[in-house]
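Let me begin by presenting the structure, written as structure tokens, before commenting on it.
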Amino acid sequence: MRRPTSADVAERAGVSRATVSMVLNDRVKGTVAEPTRRRVLEAAEELGYTRSAVALSLKQRRTHTIGLITDEIATSPWAGRMVRAASGLAARHGYMMLTMDLSLRDTSVADAVRLLSERQVDGLIYATMGRLLVPVPKVPAELPLVMLNCEPRARDDSPGDLRAFLPDDRGGARRAARRLLETGHRRIVMLSGGDGSEADREREAGFRGELDADGVRPRVFRTGWQMDDGYRMTSRLLEEDEPPTALFCIRDRVAAGAIHAAASAGVEVPQQLSVIGFDDEDFFAETLTPPLTTIALPHEQMGERAVSALLAQIEPDVGPIADIPDGWRVLSACPLVERASVAKAPARGTAGMVTDLRR
């Protein structure tokens with residue numbers, strides 16, 4: 001059976017092929033009356049007409065594909081939210097995402113750029129699971145690039161119109177500290193990662209800044225990022241003469257360890273010890289007992305903003321899809337997710353200290 005053509009659609013709708021082209025390529029812009037536009041769309045649906053992606057690519061000199069290079073996002077259940085959001089927005093605008101997860105193959109970033117360039121992608125997104133400082137991938141001059149959850153290792157290394165889309169870790173940590181202060185806590189401890197990563201430094205800086213602004217000297221214990229780190233450190237803290245009444249944990253899994261340690265010591269959460277995490281990890285934070293109050297990473301917004309910025313470079317005549325703040329370094333707010341692990345506590349003072357107890 002012969003595949004219907006745009007000429008067939010034009011004949012059935014009683015319009016020219018140029019009108020069909022404008023309608024089906026969404027280039028009407030007031031030049032085609034609404035009844036005519038609907039008639040063309042109905043004719044195309046009745047005939048089962050679909051545009052040839054190959055022909056469209058040749059005509060527009062675009063393949064309508066975006067290359068996504070990641071370290072291990074595709075294998076991560078929670079950072080994968082960035083990929084889902086980015087892919088979804090790209091698809092809604094007629095683009096397909098080609099993903100190269102470097103954790104699944106023996107391929108360098110340079111090799112991935114070369115392979116995707118050979119497939120004539122229209123733009124590239126370089127994304128990492130954790131927030132990292134990385135070298136800027138070298139790409140052909142004509143190929144747009146955006147960075148997602150990472151930024152140039154050299155702070156002044158932001159060539160041309162390169163943009164980096166990141167979570168506001170510092171603002172999120174301030175939000176967590178503010179929540180504890182608002183509920184009357186003064187004996188507040190942060191269980192930090194202590195590895196010197198960007199997320200670790202930013203979250204610790206936010207915590208310190210918010211407590212300092214309220215006249216409360218922060219206590220920070222640099223313990224690690226895993227559940228057993230949270231368990232070990234919390235067990236020690238609960239043995240103090242005046243144990244903390246609240247913990248801010250660098251990560252949800254550290255918070256889970258803290259809650260486990262409290263239960264083992266007969267300390268009730270949140271009645272005797274409030275706990276706030278960070279990440280809002282899928283299928284984890286909400287399943288703890290009690291469900292964990294935490295700071296969410298804005299992966300969906302970051303992914304959509306990255307695609308929006310990239311498509312604005314690929315198709316500058318279309319204009320921006322989303323409202324993105326100015327600047328090459330774009331931060332997305334990390335919201336507080338209220339659950340059941342925070343309660344009111346009497347206001348008490350505390351001395352400040354920083355201890356490194358990693359093993």
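Each chain in the structure tokens gets a letter, A, B and so on, in the order shown; residues start at 1 in every chain, and ligands are counted from 1 in the order they appear.
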Point to revise | Residue set, range 184-269 of chain A restricted to strand (DSSP E), as a ChimeraX atom specification | key: /A:188-192,219-222,246-249
Point to revise | Near-Cys150 in chain A list (6 Å; only C-alpha atoms; drop same-chain fewer than 6 positions) as number ranges by chain | key: A: 131-133
Output file for the selection above: all heavy atoms, as a compact mmCIF listing (two decimals), in the first residue's frame:
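And here's selection.txt as it stands now:
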# COMPACT_ATOMS: atom_id res chain seq x y z
N ARG A 131 27.39 15.98 42.03
CA ARG A 131 27.82 17.32 41.62
C ARG A 131 29.35 17.38 41.61
O ARG A 131 30.00 17.19 42.64
CB ARG A 131 27.25 18.36 42.58
CG ARG A 131 27.65 19.77 42.21
CD ARG A 131 26.94 20.79 43.07
NE ARG A 131 27.45 22.13 42.80
CZ ARG A 131 26.99 23.22 43.37
NH1 ARG A 131 26.00 23.14 44.25
NH2 ARG A 131 27.50 24.40 43.09
N LEU A 132 29.92 17.64 40.44
CA LEU A 132 31.36 17.56 40.27
C LEU A 132 31.93 18.78 39.57
O LEU A 132 31.23 19.48 38.83
CB LEU A 132 31.72 16.32 39.44
CG LEU A 132 31.32 14.95 39.98
CD1 LEU A 132 31.67 13.87 38.96
CD2 LEU A 132 32.01 14.67 41.31
N LEU A 133 33.23 19.02 39.81
CA LEU A 133 34.02 19.93 38.99
C LEU A 133 34.77 19.07 37.98
O LEU A 133 35.49 18.14 38.36
CB LEU A 133 35.02 20.70 39.86
CG LEU A 133 34.43 21.65 40.91
CD1 LEU A 133 35.55 22.25 41.75
CD2 LEU A 133 33.62 22.75 40.27
Review point. Could you pull the residues within 12 Å of Gly172 in chain A, counting only C-alpha atoms, minus those fewer than 3 positions along the same chain, as a ChimeraX atom specification?
Key: /A:167-169,175-179,199,202-207,209-210,248-251,276-280,294-298,331-337
Review point. In Å to one decimal, how far is CA of His260 in chain A from CA of Ala285 in chain A?
Key: 13.3 Å
Point to revise | Backbone DSSP call of helix (DSSP H, G or I) for range 133-266 of chain A, listed as an MDAnalysis selection string | key: chainID A and resid 169:182 198:213 227:237 252:264
Check your understanding: For Arg253 in chain A, which residue among A:Leu143, A:Ser21, A:Gln272, A:Leu191 is the nearest when counting only C-alpha atoms?
Key ->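 The answer is A:Leu191, which sits nearest to Arg253 in chain A.
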Study note, to complete from the structure: Nearest to Arg3 in chain A, restricted to only C-alpha atoms and choosing among A:Val83, A:Leu238, A:Gly48, A:Trp225, comes out as A:Gly48
